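Colleague: One structure, pasted below without further comment.
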Amino acid sequence: MVEQSKPGDGASPSGPSVPGRAWLMLALATAGFAVNFWAWALLSPLGPRFKESLDLSSFQQSLLVAVPVVVGSLGRVPVGALTDRFGGRVMFPVVTAGTVVPVLYLGLAGHSSLTALLAGGFFLGIGGTAFAVGVPFVNAWFPPERRGLAIGVFGAGMGGTAISALTTVKLVDAHSMATPFLITAVTLAVYAVAAALLLRDAPGRTVPAGPLGRRLAATFRLRVTWQASALYAVAFGGYVAFSVYLPTYLKTGYGLTQADAANRMAGFVLLAVAMRPVGGWLSDRLGPVRVLAGSLAVVVAGAVGQSFTPALAPAGTVAFLAMAAALGAGSGATFALVALLTPAERVGSVTGVVGAAGGLGGFLPPLVMGSLYGEYGTYAAGLALLAIVAAAALAYTLTAVRTAVRGDDRAPLTGGGQRPRTARTTA
């Protein structure tokens, strides 16, 4: 049946109740996302240690950390398309089991040279593709009125990176280099077995026809693919950039100790993670356009305020926490938009492309911030640039994205595929 309300206009959601099994599948998928992201982030906390022990240059250290993230981001494109075809029940165990091998390799033998670390890091990127498995899997289990919340809850699994940040170095110091890798590998193996036994794809899941290449080409012709990619590159890319660069910013700009800066970064990350399901939940009730617009407006205000380098207590802290909440909510709202506008048989493919854009969107800002600080001796220009980018994304949301939600929301870029304007269809 079709609801007689325009999606995104803030109508109060109503519809069928969600079965308990759907919530169980959501919990299992979120756990799998967190475990795979924990593995995906293992090298980053150890970067300074490898730099010292292997006498790496700053570029080599950056490359070491970047390789698994880039591979994991780009790998979401084919993995998302494969999930559309084979389902999360198959792909979650496959991706998780595939991540066990590089984790064991890095822990037992792959940390003795830069070449070995880069080889292991390349295949460690497999863990980062789990995001493109979970979104279509969860999306299929929930009715449109609940997908924002469900996908937001799943997205909170990105907090798995915080597990790595908080435990990896401590485990190495307390035991050995192999310890965090072995613990993670065992956890991955346990989850892979549990997923194979317990996960089930949603009844009536739509399976796309045609070869992978043709389906990906069709995905790139959808407006929502590019609209959501642009927004996610700003929202999730901003979160990634701050989570990477904030300790350096606080240490350089405010003279904090490394430990204090790291603790404040952890607070930023945890707030952003917590706000992701809130953003999805609000999108179910207010519409993703309103949530995205509000989130981006907060980012603009926070970046402008922080560009004047106010005292850290309270103004600076308020600015950063506000941006953390907004970036988390905006990330959740972006995938509520994907769930709303994407044909069911292409959710995985679109998620893969959008997820790749978000992951890659986090790499440019730290480079720009560092370059501008080196040139001008201040972070004001970098934060002003963030405000400009967020303002452009806000304007785009209120124009092109709002038009897409209210109108022909699923049409491809080049003709055809006309859909009803009241496109929120329930199962």
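Ordering of the structure tokens sets the chain letters (A, B, ...), residue numbers begin anew at 1 in every chain, and ligands are numbered from 1 in the order given.
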If we count only C-alpha atoms and set the cut-off at 8 Å, which residues sit around Thr351 in chain A, ignoring sequence neighbours fewer than 3 positions away in its own chain? Please answer as a list in words.

Modeller: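 The filter keeps Arg76, Val77, Gly80, Ala132, Val135, Pro136, Val338, Val347, Gly348, Val354 and Gly355 of chain A.
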
Colleague: Create the file for the chosen residues now, containing N, CA, C and O atoms and written as an mmCIF file, in the first residue's frame.

Modeller:
```cif
data_model
loop_
_atom_site.group_PDB
_atom_site.id
_atom_site.type_symbol
_atom_site.label_atom_id
_atom_site.label_comp_id
_atom_site.auth_asym_id
_atom_site.auth_seq_id
_atom_site.Cartn_x
_atom_site.Cartn_y
_atom_site.Cartn_z
ATOM 1 N N ARG A 76 33.635 -0.639 -0.837
ATOM 2 C CA ARG A 76 32.203 -0.654 -0.552
ATOM 3 C C ARG A 76 31.371 -0.656 -1.828
ATOM 4 O O ARG A 76 30.232 -1.138 -1.820
ATOM 5 N N VAL A 77 31.916 -0.134 -2.898
ATOM 6 C CA VAL A 77 31.141 -0.068 -4.144
ATOM 7 C C VAL A 77 30.813 -1.470 -4.667
ATOM 8 O O VAL A 77 29.640 -1.817 -4.827
ATOM 9 N N GLY A 80 28.746 -3.531 -1.908
ATOM 10 C CA GLY A 80 27.343 -3.138 -1.838
ATOM 11 C C GLY A 80 26.527 -3.778 -2.949
ATOM 12 O O GLY A 80 25.414 -4.269 -2.725
ATOM 13 N N ALA A 132 28.716 -1.408 3.778
ATOM 14 C CA ALA A 132 27.896 -1.584 2.585
ATOM 15 C C ALA A 132 27.108 -2.888 2.611
ATOM 16 O O ALA A 132 26.219 -3.086 1.789
ATOM 17 N N VAL A 135 23.781 -1.877 5.621
ATOM 18 C CA VAL A 135 22.699 -0.943 5.308
ATOM 19 C C VAL A 135 21.589 -1.607 4.479
ATOM 20 O O VAL A 135 20.417 -1.534 4.852
ATOM 21 N N PRO A 136 21.899 -2.270 3.350
ATOM 22 C CA PRO A 136 20.805 -2.921 2.621
ATOM 23 C C PRO A 136 20.170 -4.066 3.400
ATOM 24 O O PRO A 136 18.964 -4.313 3.279
ATOM 25 N N VAL A 338 18.780 7.947 1.733
ATOM 26 C CA VAL A 338 19.051 6.822 0.832
ATOM 27 C C VAL A 338 17.925 5.798 0.907
ATOM 28 O O VAL A 338 17.421 5.318 -0.118
ATOM 29 N N VAL A 347 19.652 -0.628 -3.034
ATOM 30 C CA VAL A 347 20.112 0.020 -1.804
ATOM 31 C C VAL A 347 21.577 -0.304 -1.527
ATOM 32 O O VAL A 347 22.366 0.557 -1.137
ATOM 33 N N GLY A 348 21.975 -1.571 -1.704
ATOM 34 C CA GLY A 348 23.362 -1.944 -1.469
ATOM 35 C C GLY A 348 24.322 -1.222 -2.385
ATOM 36 O O GLY A 348 25.372 -0.726 -1.961
ATOM 37 N N VAL A 354 27.902 5.759 -1.786
ATOM 38 C CA VAL A 354 27.792 6.837 -0.793
ATOM 39 C C VAL A 354 28.782 6.616 0.344
ATOM 40 O O VAL A 354 29.440 7.556 0.817
ATOM 41 N N GLY A 355 28.909 5.368 0.802
ATOM 42 C CA GLY A 355 29.873 5.067 1.859
ATOM 43 C C GLY A 355 31.297 5.359 1.437
ATOM 44 O O GLY A 355 32.105 5.857 2.238
#
```

Colleague: List the neighbours of range 179-184 of chain A out to 10 Å using only C-alpha atoms; skip same-chain residues closer than 3 positions along the sequence, and give me the result as a PyMOL selection string.

Modeller: chain A and resi 35-36+38-39+42-43+99-100+102-108+164+167-176+187-190

Colleague: Please tabulate, as CSV, the residues of range 60-152 of chain A that come within 6 Å of range 195-214 of chain A, each with its closest pair of atoms and the distance in Å to one decimal, counting only C-alpha atoms and ordering rows by chain, then residue number upward.

Modeller:
```
residue,atom,partner,partner_atom,distance
A:Arg85,CA,A:Val207,CA,5.6
A:Arg89,CA,A:Leu199,CA,5.3
A:Pro93,CA,A:Ala196,CA,5.7
A:Ala140,CA,A:Ala202,CA,5.8
A:Trp141,CA,A:Ala202,CA,5.1
```

Colleague: My list of candidates is A:Thr129, A:Thr115, A:Ser53, A:Ser17. Which is closest to Gly72 in chain A when distances are computed with only C-alpha atoms?

Modeller: A:Thr129

Colleague: Tell me which of A:Phe50, A:Phe242, A:Trp226, A:Trp281 sits closest to Ala404 in chain A, counting only C-alpha atoms.

Modeller: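 Residue with the minimum atom-to-atom distance to Ala404 in chain A: A:Trp226.
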
Colleague: Quick check for you: according to DSSP on this backbone, which residues of range 57-300 of chain A are classed as alpha helix (DSSP H)? Reply as a ChimeraX atom specification.

Modeller: /A:58-74,76-86,88-108,114-124,130-141,147-155,160-174,178-198,212-220,223-254,258-286,288-300

Colleague: Which residue, A:Pro45, A:Gly87, A:Gly407, A:Gly362, has the smallest gap to Val234 in chain A when you use only C-alpha atoms?

Modeller: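 That would be A:Gly362, the residue with the smallest distance to Val234 in chain A.
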
Colleague: Between A:Pro68, A:Gly32, A:Gly302, A:Pro288, single out the one closest to Tyr191 in chain A, counting only C-alpha atoms.

Modeller: A:Gly32

Colleague: What is the distance between CA of Leu372 in chain A and CA of Tyr245 in chain A, in Å to one decimal?

Modeller: 13.4 Å

Colleague: In terms of the shortest atom-to-atom distance over only C-alpha atoms, which of A:Thr317, A:Thr397, A:Gln227, A:Asn139 is closest to Ala339 in chain A?

Modeller: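 Residue with the minimum atom-to-atom distance to Ala339 in chain A: A:Asn139.
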
Colleague: Measuring between only C-alpha atoms, which one of A:Ala344, A:Leu292, A:Val304, A:Ala329 shows the shortest distance to Ala395 in chain A?

Modeller: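 For Ala395 in chain A, the nearest of the given residues is A:Leu292.
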